[in-house]
$ cat data_14.cif   # mmCIF, C-alpha atoms
data_final
#
loop_
_atom_site.group_PDB
_atom_site.id
_atom_site.type_symbol
_atom_site.label_atom_id
_atom_site.label_comp_id
_atom_site.auth_asym_id
_atom_site.auth_seq_id
_atom_site.Cartn_x
_atom_site.Cartn_y
_atom_site.Cartn_z
ATOM 1 C CA MET A 1 14.081 -5.372 -16.018
ATOM 2 C CA ARG A 2 11.916 -7.311 -18.451
ATOM 3 C CA THR A 3 11.679 -6.990 -22.208
ATOM 4 C CA ILE A 4 8.058 -6.449 -23.238
ATOM 5 C CA ALA A 5 6.182 -5.052 -26.231
ATOM 6 C CA MET A 6 4.894 -1.490 -26.286
ATOM 7 C CA ARG A 7 1.274 -2.720 -26.280
ATOM 8 C CA GLU A 8 2.029 -4.625 -23.062
ATOM 9 C CA ALA A 9 3.624 -1.560 -21.489
ATOM 10 C CA LEU A 10 0.565 0.540 -22.313
ATOM 11 C CA ARG A 11 -1.725 -2.190 -20.967
ATOM 12 C CA GLU A 12 0.235 -2.383 -17.715
ATOM 13 C CA ALA A 13 -0.032 1.376 -17.294
ATOM 14 C CA MET A 14 -3.817 1.263 -17.617
ATOM 15 C CA GLN A 15 -4.187 -1.820 -15.431
ATOM 16 C CA GLU A 16 -2.051 -0.390 -12.638
ATOM 17 C CA GLU A 17 -3.921 2.902 -12.655
ATOM 18 C CA MET A 18 -7.325 1.193 -12.738
ATOM 19 C CA ARG A 19 -6.339 -0.984 -9.769
ATOM 20 C CA ARG A 20 -5.068 2.087 -7.952
ATOM 21 C CA ASP A 21 -8.073 4.337 -8.637
ATOM 22 C CA GLU A 22 -11.619 3.038 -9.164
ATOM 23 C CA LYS A 23 -12.529 6.293 -10.937
ATOM 24 C CA VAL A 24 -10.395 5.308 -13.938
ATOM 25 C CA PHE A 25 -12.170 3.490 -16.771
ATOM 26 C CA LEU A 26 -11.563 2.689 -20.444
ATOM 27 C CA LEU A 27 -13.951 3.097 -23.350
ATOM 28 C CA GLY A 28 -13.728 2.941 -27.116
ATOM 29 C CA GLU A 29 -14.418 0.797 -30.147
ATOM 30 C CA GLU A 30 -13.607 -2.907 -29.612
ATOM 31 C CA VAL A 31 -11.654 -2.315 -26.377
ATOM 32 C CA ALA A 32 -13.617 -4.955 -24.436
ATOM 33 C CA GLU A 33 -14.959 -8.081 -26.161
ATOM 34 C CA TYR A 34 -12.345 -7.994 -28.930
ATOM 35 C CA ASN A 35 -9.497 -7.153 -26.498
ATOM 36 C CA GLY A 36 -8.685 -3.982 -28.431
ATOM 37 C CA ALA A 37 -8.130 -3.429 -32.143
ATOM 38 C CA TYR A 38 -4.369 -3.645 -31.474
ATOM 39 C CA LYS A 39 -4.690 -5.901 -28.405
ATOM 40 C CA VAL A 40 -3.567 -3.120 -26.065
ATOM 41 C CA SER A 41 -6.533 -3.803 -23.743
ATOM 42 C CA GLN A 42 -6.272 -7.598 -23.908
ATOM 43 C CA GLY A 43 -7.672 -9.238 -20.775
ATOM 44 C CA MET A 44 -8.862 -6.005 -19.200
ATOM 45 C CA LEU A 45 -12.569 -6.800 -19.588
ATOM 46 C CA ASP A 46 -12.065 -10.029 -17.654
ATOM 47 C CA GLU A 47 -10.325 -8.197 -14.815
ATOM 48 C CA PHE A 48 -12.351 -5.018 -14.524
ATOM 49 C CA GLY A 49 -15.762 -5.888 -15.940
ATOM 50 C CA GLU A 50 -18.053 -4.236 -18.450
ATOM 51 C CA LYS A 51 -18.683 -1.127 -16.345
ATOM 52 C CA ARG A 52 -15.009 -0.120 -16.492
ATOM 53 C CA VAL A 53 -13.986 -1.497 -19.904
ATOM 54 C CA ILE A 54 -16.711 -0.366 -22.263
ATOM 55 C CA ASP A 55 -17.273 -1.144 -25.930
ATOM 56 C CA THR A 56 -18.792 1.815 -27.777
ATOM 57 C CA PRO A 57 -20.609 2.284 -31.073
ATOM 58 C CA ILE A 58 -18.655 3.621 -34.056
ATOM 59 C CA SER A 59 -19.350 7.206 -33.013
ATOM 60 C CA GLU A 60 -16.229 9.108 -31.943
ATOM 61 C CA LEU A 61 -18.091 12.316 -31.172
ATOM 62 C CA GLY A 62 -20.638 10.405 -29.094
ATOM 63 C CA PHE A 63 -18.337 8.391 -26.856
ATOM 64 C CA ALA A 64 -15.839 11.266 -26.523
ATOM 65 C CA ALA A 65 -18.717 13.436 -25.291
ATOM 66 C CA ILE A 66 -19.755 10.800 -22.736
ATOM 67 C CA ALA A 67 -16.174 10.599 -21.467
ATOM 68 C CA VAL A 68 -15.782 14.376 -21.247
ATOM 69 C CA GLY A 69 -18.993 14.600 -19.237
ATOM 70 C CA ALA A 70 -17.785 11.826 -16.949
ATOM 71 C CA ALA A 71 -14.463 13.619 -16.402
ATOM 72 C CA GLN A 72 -16.263 16.816 -15.463
ATOM 73 C CA ASN A 73 -18.173 14.841 -12.857
ATOM 74 C CA GLY A 74 -15.147 13.399 -11.085
ATOM 75 C CA LEU A 75 -14.233 10.290 -13.074
ATOM 76 C CA ARG A 76 -10.986 9.721 -15.018
ATOM 77 C CA PRO A 77 -11.791 8.265 -18.446
ATOM 78 C CA ILE A 78 -9.315 6.828 -20.920
ATOM 79 C CA VAL A 79 -10.704 7.179 -24.429
ATOM 80 C CA GLU A 80 -9.197 4.898 -27.067
ATOM 81 C CA PHE A 81 -9.566 6.015 -30.665
ATOM 82 C CA MET A 82 -8.944 3.273 -33.215
ATOM 83 C CA THR A 83 -6.839 5.879 -35.004
ATOM 84 C CA TRP A 84 -6.346 9.596 -34.515
ATOM 85 C CA ASN A 85 -7.475 9.990 -38.098
ATOM 86 C CA PHE A 86 -10.977 9.099 -36.853
ATOM 87 C CA ALA A 87 -10.718 11.401 -33.841
ATOM 88 C CA VAL A 88 -11.292 14.465 -36.009
ATOM 89 C CA LEU A 89 -14.968 13.533 -35.647
ATOM 90 C CA ALA A 90 -14.603 14.160 -31.900
ATOM 91 C CA LEU A 91 -12.640 17.399 -32.249
ATOM 92 C CA ASP A 92 -15.576 19.470 -31.027
ATOM 93 C CA GLN A 93 -15.457 17.729 -27.640
ATOM 94 C CA ILE A 94 -11.646 17.832 -27.411
ATOM 95 C CA LEU A 95 -11.242 21.440 -28.574
ATOM 96 C CA ASN A 96 -14.408 23.196 -27.469
ATOM 97 C CA THR A 97 -15.094 21.365 -24.217
ATOM 98 C CA ALA A 98 -12.208 19.360 -22.735
ATOM 99 C CA SER A 99 -9.454 21.896 -23.409
ATOM 100 C CA LYS A 100 -11.497 24.982 -22.460
ATOM 101 C CA MET A 101 -13.656 23.891 -19.546
ATOM 102 C CA LEU A 102 -11.234 24.793 -16.751
ATOM 103 C CA ALA A 103 -10.804 28.309 -18.159
ATOM 104 C CA MET A 104 -14.498 28.817 -18.983
ATOM 105 C CA SER A 105 -15.558 27.706 -15.505
ATOM 106 C CA GLY A 106 -13.092 29.988 -13.742
ATOM 107 C CA GLY A 107 -11.151 27.004 -12.441
ATOM 108 C CA GLN A 108 -14.222 25.308 -10.955
ATOM 109 C CA VAL A 109 -14.620 22.398 -13.405
ATOM 110 C CA GLY A 110 -11.666 20.414 -14.668
ATOM 111 C CA CYS A 111 -11.464 17.625 -17.225
ATOM 112 C CA PRO A 112 -8.986 14.887 -16.210
ATOM 113 C CA ILE A 113 -9.144 12.681 -19.290
ATOM 114 C CA VAL A 114 -6.757 10.797 -21.591
ATOM 115 C CA PHE A 115 -7.454 10.514 -25.305
ATOM 116 C CA ARG A 116 -5.160 7.835 -26.741
ATOM 117 C CA GLY A 117 -4.621 5.694 -29.832
ATOM 118 C CA PRO A 118 -2.384 5.214 -32.887
ATOM 119 C CA ASN A 119 -1.324 8.268 -34.860
ATOM 120 C CA GLY A 120 0.371 8.902 -38.194
ATOM 121 C CA SER A 121 1.137 6.555 -41.035
ATOM 122 C CA ALA A 122 1.278 2.779 -40.862
ATOM 123 C CA GLY A 123 2.256 1.866 -44.404
ATOM 124 C CA GLN A 124 -0.158 1.551 -47.288
ATOM 125 C CA LEU A 125 -3.351 2.766 -45.645
ATOM 126 C CA GLY A 126 -4.188 5.645 -47.974
ATOM 127 C CA ALA A 127 -4.455 9.385 -47.446
ATOM 128 C CA GLN A 128 -7.383 9.362 -45.016
ATOM 129 C CA HIS A 129 -5.675 7.025 -42.532
ATOM 130 C CA SER A 130 -2.115 8.388 -42.541
ATOM 131 C CA THR A 131 -2.068 11.856 -41.001
ATOM 132 C CA ALA A 132 0.175 12.782 -38.080
ATOM 133 C CA PHE A 133 -1.722 15.060 -35.694
ATOM 134 C CA GLU A 134 0.774 16.244 -33.053
ATOM 135 C CA SER A 135 0.929 19.817 -34.322
ATOM 136 C CA TYR A 136 -2.872 20.007 -34.616
ATOM 137 C CA TYR A 137 -3.457 19.295 -30.941
ATOM 138 C CA ALA A 138 -0.334 21.071 -29.715
ATOM 139 C CA ASN A 139 -1.898 24.259 -31.067
ATOM 140 C CA ILE A 140 -4.759 23.991 -28.551
ATOM 141 C CA PRO A 141 -4.164 25.693 -25.166
ATOM 142 C CA GLY A 142 -5.392 23.530 -22.294
ATOM 143 C CA LEU A 143 -4.233 20.223 -23.784
ATOM 144 C CA LYS A 144 -1.055 18.289 -23.072
ATOM 145 C CA VAL A 145 0.294 16.267 -25.997
ATOM 146 C CA VAL A 146 2.474 13.168 -25.528
ATOM 147 C CA SER A 147 4.062 11.156 -28.363
ATOM 148 C CA PRO A 148 6.360 8.395 -27.007
ATOM 149 C CA PHE A 149 8.932 6.211 -28.779
ATOM 150 C CA THR A 150 9.862 3.377 -26.391
ATOM 151 C CA ALA A 151 7.926 0.875 -24.291
ATOM 152 C CA TYR A 152 9.583 2.294 -21.154
ATOM 153 C CA ASP A 153 8.517 5.845 -21.959
ATOM 154 C CA SER A 154 5.040 4.758 -23.037
ATOM 155 C CA LYS A 155 4.253 3.161 -19.692
ATOM 156 C CA GLY A 156 5.690 5.902 -17.511
ATOM 157 C CA LEU A 157 4.118 8.703 -19.508
ATOM 158 C CA LEU A 158 0.691 7.040 -19.779
ATOM 159 C CA LYS A 159 0.571 6.575 -16.015
ATOM 160 C CA ALA A 160 1.444 10.255 -15.603
ATOM 161 C CA ALA A 161 -1.234 11.197 -18.136
ATOM 162 C CA ILE A 162 -3.943 9.215 -16.330
ATOM 163 C CA ARG A 163 -3.088 10.939 -13.054
ATOM 164 C CA ASP A 164 -2.904 14.400 -14.627
ATOM 165 C CA ASN A 165 -5.724 16.813 -13.886
ATOM 166 C CA ASP A 166 -5.633 18.264 -17.400
ATOM 167 C CA PRO A 167 -6.814 16.605 -20.630
ATOM 168 C CA VAL A 168 -3.949 14.706 -22.260
ATOM 169 C CA VAL A 169 -3.684 13.690 -25.912
ATOM 170 C CA PHE A 170 -1.572 10.522 -26.021
ATOM 171 C CA MET A 171 -0.342 9.608 -29.503
ATOM 172 C CA GLU A 172 1.057 6.150 -30.133
ATOM 173 C CA SER A 173 2.242 4.447 -33.331
ATOM 174 C CA GLU A 174 0.424 1.512 -34.860
ATOM 175 C CA VAL A 175 3.643 0.110 -36.314
ATOM 176 C CA MET A 176 5.417 0.170 -32.931
ATOM 177 C CA TYR A 177 2.886 -1.713 -30.777
ATOM 178 C CA GLY A 178 4.964 -4.859 -31.204
ATOM 179 C CA ASP A 179 8.325 -3.168 -30.626
ATOM 180 C CA LYS A 180 9.987 -4.512 -27.498
ATOM 181 C CA GLY A 181 11.988 -2.696 -24.847
ATOM 182 C CA ASP A 182 13.175 -2.897 -21.257
ATOM 183 C CA VAL A 183 10.512 -2.002 -18.686
ATOM 184 C CA PRO A 184 11.049 -2.272 -14.888
ATOM 185 C CA GLU A 185 8.922 -4.587 -12.774
ATOM 186 C CA GLY A 186 8.076 -1.886 -10.251
ATOM 187 C CA GLU A 187 5.974 1.220 -10.626
ATOM 188 C CA TYR A 188 7.477 4.354 -12.123
ATOM 189 C CA ILE A 189 6.203 7.648 -13.499
ATOM 190 C CA ILE A 190 7.814 9.828 -16.181
ATOM 191 C CA GLU A 191 7.139 13.537 -15.839
ATOM 192 C CA ILE A 192 5.227 15.044 -18.742
ATOM 193 C CA GLY A 193 7.194 17.808 -20.437
ATOM 194 C CA LYS A 194 10.717 16.376 -20.253
ATOM 195 C CA ALA A 195 12.705 15.400 -23.353
ATOM 196 C CA ASP A 196 15.254 12.590 -23.199
ATOM 197 C CA ILE A 197 18.717 12.344 -24.755
ATOM 198 C CA LYS A 198 18.642 8.900 -26.340
ATOM 199 C CA ARG A 199 22.185 9.128 -27.741
ATOM 200 C CA PRO A 200 24.854 11.580 -26.526
ATOM 201 C CA GLY A 201 27.025 13.318 -29.114
ATOM 202 C CA ARG A 202 29.193 16.351 -29.769
ATOM 203 C CA ASP A 203 28.938 17.304 -33.458
ATOM 204 C CA VAL A 204 25.265 17.886 -34.277
ATOM 205 C CA THR A 205 21.917 17.699 -32.481
ATOM 206 C CA ILE A 206 19.132 15.644 -34.076
ATOM 207 C CA VAL A 207 15.655 16.062 -32.569
ATOM 208 C CA SER A 208 12.673 13.812 -33.230
ATOM 209 C CA TYR A 209 9.812 11.923 -31.554
ATOM 210 C CA ASN A 210 7.578 8.888 -31.950
ATOM 211 C CA LYS A 211 8.534 6.477 -34.748
ATOM 212 C CA MET A 212 10.691 9.041 -36.552
ATOM 213 C CA MET A 213 13.166 8.440 -33.736
ATOM 214 C CA LYS A 214 14.071 5.288 -35.665
ATOM 215 C CA VAL A 215 15.165 7.510 -38.537
ATOM 216 C CA ALA A 216 17.059 9.859 -36.219
ATOM 217 C CA LEU A 217 18.896 7.032 -34.455
ATOM 218 C CA GLY A 218 19.519 5.231 -37.751
ATOM 219 C CA ALA A 219 21.063 8.389 -39.191
ATOM 220 C CA ALA A 220 23.238 8.754 -36.087
ATOM 221 C CA GLU A 221 24.508 5.195 -36.580
ATOM 222 C CA GLU A 222 25.437 5.903 -40.192
ATOM 223 C CA LEU A 223 27.100 9.200 -39.305
ATOM 224 C CA ALA A 224 29.151 7.504 -36.579
ATOM 225 C CA LYS A 225 30.747 5.328 -39.262
ATOM 226 C CA GLU A 226 32.238 8.541 -40.661
ATOM 227 C CA GLY A 227 33.339 9.863 -37.292
ATOM 228 C CA ILE A 228 30.369 12.217 -36.789
ATOM 229 C CA GLU A 229 28.842 11.902 -33.327
ATOM 230 C CA ALA A 230 25.224 13.067 -33.352
ATOM 231 C CA GLU A 231 23.320 13.795 -30.146
ATOM 232 C CA VAL A 232 19.793 12.436 -30.570
ATOM 233 C CA ILE A 233 16.976 13.932 -28.479
ATOM 234 C CA ASP A 234 13.549 12.333 -28.115
ATOM 235 C CA LEU A 235 10.972 15.022 -27.327
ATOM 236 C CA ARG A 236 8.522 12.498 -25.799
ATOM 237 C CA THR A 237 6.161 15.385 -24.990
ATOM 238 C CA ILE A 238 5.077 17.867 -27.648
ATOM 239 C CA ARG A 239 3.151 20.185 -25.332
ATOM 240 C CA PRO A 240 4.653 21.302 -23.020
ATOM 241 C CA LEU A 241 7.711 21.392 -25.292
ATOM 242 C CA ASP A 242 11.077 20.912 -23.606
ATOM 243 C CA TRP A 243 13.008 23.266 -25.856
ATOM 244 C CA PHE A 244 15.491 23.983 -23.050
ATOM 245 C CA THR A 245 17.035 20.489 -23.370
ATOM 246 C CA ILE A 246 17.445 21.132 -27.106
ATOM 247 C CA LEU A 247 19.053 24.514 -26.425
ATOM 248 C CA GLU A 248 21.572 23.020 -24.001
ATOM 249 C CA SER A 249 22.491 20.430 -26.625
ATOM 250 C CA VAL A 250 22.875 23.062 -29.340
ATOM 251 C CA LYS A 251 25.200 25.029 -27.068
ATOM 252 C CA LYS A 252 27.470 21.992 -27.236
ATOM 253 C CA THR A 253 27.037 20.878 -30.864
ATOM 254 C CA ASN A 254 26.254 24.249 -32.537
ATOM 255 C CA ARG A 255 24.045 22.545 -35.135
ATOM 256 C CA LEU A 256 20.432 21.357 -35.191
ATOM 257 C CA VAL A 257 18.482 19.033 -37.495
ATOM 258 C CA ILE A 258 14.836 18.122 -36.797
ATOM 259 C CA VAL A 259 13.142 14.969 -38.108
ATOM 260 C CA GLU A 260 9.350 14.678 -37.904
ATOM 261 C CA GLU A 261 6.335 13.048 -39.506
ATOM 262 C CA GLN A 262 4.363 16.275 -39.793
ATOM 263 C CA TRP A 263 3.546 18.284 -42.846
ATOM 264 C CA PRO A 264 6.063 21.154 -42.947
ATOM 265 C CA PHE A 265 3.745 24.155 -42.570
ATOM 266 C CA ALA A 266 3.218 25.287 -38.936
ATOM 267 C CA SER A 267 4.746 22.056 -37.641
ATOM 268 C CA ILE A 268 6.571 21.078 -34.447
ATOM 269 C CA SER A 269 9.877 21.709 -36.205
ATOM 270 C CA SER A 270 8.703 25.237 -37.042
ATOM 271 C CA GLU A 271 8.180 25.952 -33.338
ATOM 272 C CA ILE A 272 11.502 24.392 -32.328
ATOM 273 C CA ALA A 273 13.378 26.354 -34.997
ATOM 274 C CA TYR A 274 11.807 29.603 -33.769
ATOM 275 C CA ARG A 275 12.602 28.909 -30.102
ATOM 276 C CA ILE A 276 16.210 27.881 -30.698
ATOM 277 C CA GLN A 277 17.066 30.729 -33.061
ATOM 278 C CA LYS A 278 15.489 33.180 -30.598
ATOM 279 C CA GLU A 279 17.258 31.879 -27.496
ATOM 280 C CA GLY A 280 20.373 30.296 -29.004
ATOM 281 C CA PHE A 281 21.235 32.238 -32.151
ATOM 282 C CA ASP A 282 24.784 32.976 -30.981
ATOM 283 C CA TYR A 283 25.464 29.243 -30.516
ATOM 284 C CA LEU A 284 24.499 28.227 -34.067
ATOM 285 C CA ASP A 285 27.236 27.654 -36.634
ATOM 286 C CA ALA A 286 24.742 26.723 -39.369
ATOM 287 C CA PRO A 287 21.080 27.334 -40.177
ATOM 288 C CA ILE A 288 18.588 25.026 -38.440
ATOM 289 C CA ARG A 289 17.398 22.410 -40.928
ATOM 290 C CA ARG A 290 14.550 19.920 -40.879
ATOM 291 C CA ILE A 291 13.168 16.953 -42.750
ATOM 292 C CA THR A 292 9.402 16.404 -42.680
ATOM 293 C CA SER A 293 6.769 14.493 -44.592
ATOM 294 C CA VAL A 294 6.018 15.768 -48.075
ATOM 295 C CA ASP A 295 3.554 18.678 -48.149
ATOM 296 C CA ALA A 296 0.793 16.573 -49.693
ATOM 297 C CA PRO A 297 -1.604 13.742 -48.765
ATOM 298 C CA MET A 298 0.097 10.364 -48.362
ATOM 299 C CA HIS A 299 -1.039 8.042 -51.134
ATOM 300 C CA TYR A 300 -1.355 4.265 -51.225
ATOM 301 C CA ALA A 301 1.333 3.319 -53.762
ATOM 302 C CA PRO A 302 4.459 1.941 -52.018
ATOM 303 C CA THR A 303 6.740 4.101 -54.154
ATOM 304 C CA LEU A 304 4.872 7.199 -52.993
ATOM 305 C CA VAL A 305 4.886 6.016 -49.354
ATOM 306 C CA GLY A 306 8.661 5.645 -49.518
ATOM 307 C CA GLY A 307 9.134 9.113 -50.918
ATOM 308 C CA TYR A 308 6.652 10.709 -48.531
ATOM 309 C CA LEU A 309 8.241 9.966 -45.138
ATOM 310 C CA PRO A 310 11.642 11.056 -43.812
ATOM 311 C CA ASP A 311 14.329 8.409 -44.126
ATOM 312 C CA VAL A 312 17.897 7.747 -43.001
ATOM 313 C CA PRO A 313 19.748 8.642 -46.238
ATOM 314 C CA ARG A 314 18.106 12.060 -46.567
ATOM 315 C CA THR A 315 18.649 12.763 -42.885
ATOM 316 C CA VAL A 316 22.345 11.888 -43.178
ATOM 317 C CA LYS A 317 22.599 14.162 -46.225
ATOM 318 C CA LEU A 318 20.979 17.014 -44.302
ATOM 319 C CA VAL A 319 23.349 16.613 -41.358
ATOM 320 C CA LYS A 320 26.327 16.773 -43.704
ATOM 321 C CA GLU A 321 24.893 19.960 -45.179
ATOM 322 C CA VAL A 322 24.755 21.707 -41.804
ATOM 323 C CA MET A 323 28.308 20.498 -41.139
ATOM 324 C CA TYR A 324 29.396 21.934 -44.518
ATOM 325 C CA MET A 325 30.683 18.549 -45.657
ATOM 326 C CA LYS A 326 30.758 17.246 -49.192
ATOM 327 C CA LYS A 327 27.629 15.185 -49.884
#

$ encode --input "data_14.cif" --output "structure tokens"
Amino acid sequence: MRTIAMREALREAMQEEMRRDEKVFLLGEEVAEYNGAYKVSQGMLDEFGEKRVIDTPISELGFAAIAVGAAQNGLRPIVEFMTWNFAVLALDQILNTASKMLAMSGGQVGCPIVFRGPNGSAGQLGAQHSTAFESYYANIPGLKVVSPFTAYDSKGLLKAAIRDNDPVVFMESEVMYGDKGDVPEGEYIIEIGKADIKRPGRDVTIVSYNKMMKVALGAAEELAKEGIEAEVIDLRTIRPLDWFTILESVKKTNRLVIVEEQWPFASISSEIAYRIQKEGFDYLDAPIRRITSVDAPMHYAPTLVGGYLPDVPRTVKLVKEVMYMKK
């Protein structure tokens, strides 16, 4: 095992897959000459050359369309968006072409492509640069949606995404690129669609993903000081959603709290709450509760940023509510 940053884990995943398969290539804004806006692709131009690591104009719809066409013709593009907030400009290609082509062609034309980049808030960046998009893309049949938390998961899941024959939306976090974690020397793949229990527990199940896992695990640490053992589940993949792992945990703990960086309406937590109450109603000793971002744009002021996102104290309070404890 080595301890490396998440950006290094993502880079290794792309490098290994590009060495393995000459059909894989990377394109996006500043991925080549500048070594990536977040230095995820550092050194890749030198190794693979300008035909496989390609700088693009500031035109998300344009370079996404080129990549989708390449995927339909047998290549395996990795498209880096500088932020998923900018990728809305390419939604036509993701929604109306990449996700639907296999169905529209009667299974004759696939689209093996990875769209990746940072998603969600990263501090004081204003309303137009702070949206979390997991639920948007998870609502599109034909796409797989991955949103990892650790360096280990990021590498294994990105390698799986590059090899997948379906289009994969891979959502990272700008504020976690420097986070370090243990990553094996050898090759490994993590299956898309499998959640992971990051902390076992017996009293309550807390479910989250991406950087909100820091809140979930932080809340579990605080609860442990009071003798409450929370089981913390990292979804890792949003679509397909591994609700079965959550159900098995709820059978043990009988309580469920969901922490996510989505707006509350039609969110991932909405889907989880529906699935678990439908399949596990008899196991619940309290209503399913959730903590999400505020149902409003995220503004620039630091006081508003702090009140907008889920945090540890409010998550702890919510857990105590479902356990019918005094606050």

$ residues_around --input "data_14.cif" --residues "Ala37 (chain A)" --least-positions-apart "4" --cutoff "10 Å" --atoms "all atoms listed in the file" --output "ChimeraX atom specification"
/A:28-32,41-42,80-83

$ write_last_selection --input "data_14.cif" --atoms "C-alpha atoms" --output "compact mmCIF listing (two decimals), keeping the file's coordinate frame"
# COMPACT_ATOMS: atom_id res chain seq x y z
CA GLY A 28 -13.73 2.94 -27.12
CA GLU A 29 -14.42 0.80 -30.15
CA GLU A 30 -13.61 -2.91 -29.61
CA VAL A 31 -11.65 -2.32 -26.38
CA ALA A 32 -13.62 -4.96 -24.44
CA SER A 41 -6.53 -3.80 -23.74
CA GLN A 42 -6.27 -7.60 -23.91
CA GLU A 80 -9.20 4.90 -27.07
CA PHE A 81 -9.57 6.02 -30.66
CA MET A 82 -8.94 3.27 -33.22
CA THR A 83 -6.84 5.88 -35.00

$ closest_residue --input "data_14.cif" --among "A:Lys225, A:Arg236, A:Arg116, A:Arg19" --to "Lys211 (chain A)" --atoms "all atoms listed in the file"
A:Arg236

$ residues_around --input "data_14.cif" --residues "Lys100 (chain A)" --least-positions-apart "6" --cutoff "12 Å" --atoms "all atoms listed in the file" --output "JSON, numbers by chain"
{"A": [68, 72, 92, 93, 94, 106, 107, 108, 109, 110, 111, 140, 141, 142, 143, 166, 167]}

$ write_last_selection --input "data_14.cif" --atoms "C-alpha atoms" --output "mmCIF file, in the coordinates of the input"
data_model
loop_
_atom_site.group_PDB
_atom_site.id
_atom_site.type_symbol
_atom_site.label_atom_id
_atom_site.label_comp_id
_atom_site.auth_asym_id
_atom_site.auth_seq_id
_atom_site.Cartn_x
_atom_site.Cartn_y
_atom_site.Cartn_z
ATOM 1 C CA VAL A 68 -15.782 14.376 -21.247
ATOM 2 C CA GLN A 72 -16.263 16.816 -15.463
ATOM 3 C CA ASP A 92 -15.576 19.470 -31.027
ATOM 4 C CA GLN A 93 -15.457 17.729 -27.640
ATOM 5 C CA ILE A 94 -11.646 17.832 -27.411
ATOM 6 C CA GLY A 106 -13.092 29.988 -13.742
ATOM 7 C CA GLY A 107 -11.151 27.004 -12.441
ATOM 8 C CA GLN A 108 -14.222 25.308 -10.955
ATOM 9 C CA VAL A 109 -14.620 22.398 -13.405
ATOM 10 C CA GLY A 110 -11.666 20.414 -14.668
ATOM 11 C CA CYS A 111 -11.464 17.625 -17.225
ATOM 12 C CA ILE A 140 -4.759 23.991 -28.551
ATOM 13 C CA PRO A 141 -4.164 25.693 -25.166
ATOM 14 C CA GLY A 142 -5.392 23.530 -22.294
ATOM 15 C CA LEU A 143 -4.233 20.223 -23.784
ATOM 16 C CA ASP A 166 -5.633 18.264 -17.400
ATOM 17 C CA PRO A 167 -6.814 16.605 -20.630
#

$ resolve_selection --input "data_14.cif" --expression "the PyMOL selection byres ((chain A and resi 11) around 9)" --output "ChimeraX atom specification"
/A:6-10,12-16,39-42,44,155

$ resolve_selection --input "data_14.cif" --expression "the PyMOL selection byres ((chain A and resi 213-219) around 12)" --output "PyMOL selection string"
chain A and resi 147-150+173+175-176+179+196-201+204-212+220-226+228-236+257-261+290-292+309-320

$ residues_near_point --input "data_14.cif" --point "(-17.5, 12.4, -9.0)" --cutoff "12 Å" --atoms "only C-alpha atoms" --output "PyMOL selection string"
chain A and resi 22-24+69-77+109-112

$ residues_around --input "data_14.cif" --residues "Ala127 (chain A)" --least-positions-apart "4" --cutoff "7 Å" --atoms "only C-alpha atoms" --output "ChimeraX atom specification"
/A:297-299

$ closest_residue --input "data_14.cif" --among "A:Ala151, A:Leu102, A:Ala273, A:Ala122" --to "Val183 (chain A)" --atoms "only C-alpha atoms"
A:Ala151

$ resolve_selection --input "data_14.cif" --expression "the PyMOL selection byres ((chain A and resi 56-61) around 7)" --output "PyMOL selection string"
chain A and resi 27-29+54-55+62-65+87+89-90+93

$ closest_residue --input "data_14.cif" --among "A:Gly156, A:Phe170, A:Lys144, A:Ile113" --to "Glu185 (chain A)" --atoms "all atoms listed in the file"
A:Gly156

$ atom_distance --input "data_14.cif" --atom1 "CA of Tyr38 (chain A)" --atom2 "CA of Leu95 (chain A)"
26.2 Å

$ closest_residue --input "data_14.cif" --among "A:Val146, A:Leu157, A:Ala132, A:Ala98" --to "Gln262 (chain A)" --atoms "all atoms listed in the file"
A:Ala132

$ residues_around --input "data_14.cif" --residues "Ala301 (chain A)" --least-positions-apart "4" --cutoff "10 Å" --atoms "all atoms listed in the file" --output "PyMOL selection string"
chain A and resi 123-126+305-306

$ closest_residue --input "data_14.cif" --among "A:Ile190, A:Ala160, A:Met171, A:Met104" --to "Ile238 (chain A)" --atoms "only C-alpha atoms"
A:Met171

$ closest_residue --input "data_14.cif" --among "A:Leu45, A:Asn165, A:Gly36, A:Ile66" --to "Ser99 (chain A)" --atoms "only C-alpha atoms"
A:Asn165

$ atom_distance --input "data_14.cif" --atom1 "CA of Arg202 (chain A)" --atom2 "CA of Tyr152 (chain A)"
25.6 Å

$ atom_distance --input "data_14.cif" --atom1 "CA of Glu134 (chain A)" --atom2 "CA of Asn35 (chain A)"
26.4 Å

$ axis_aligned_box --input "data_14.cif" --around "region 222-233 of chain A" --padding-each-side "4 Å" --output "lines of an AutoDock Vina configuration file"
center_x = 25.2
center_y = 9.6
center_z = -34.6
size_x = 24.4
size_y = 16.6
size_z = 20.2

$ residues_around --input "data_14.cif" --residues "Glu172 (chain A)" --least-positions-apart "2" --cutoff "6 Å" --atoms "only C-alpha atoms" --output "list in words"
Gly117, Pro118 and Asn119 of chain A

$ write_last_selection --input "data_14.cif" --atoms "C-alpha atoms" --output "PDB file, keeping the file's coordinate frame"
ATOM      1  CA  GLY A 117      -4.621   5.694 -29.832  1.00  0.00           C
ATOM      2  CA  PRO A 118      -2.384   5.214 -32.887  1.00  0.00           C
ATOM      3  CA  ASN A 119      -1.324   8.268 -34.860  1.00  0.00           C
TER       4      ASN A 119
END
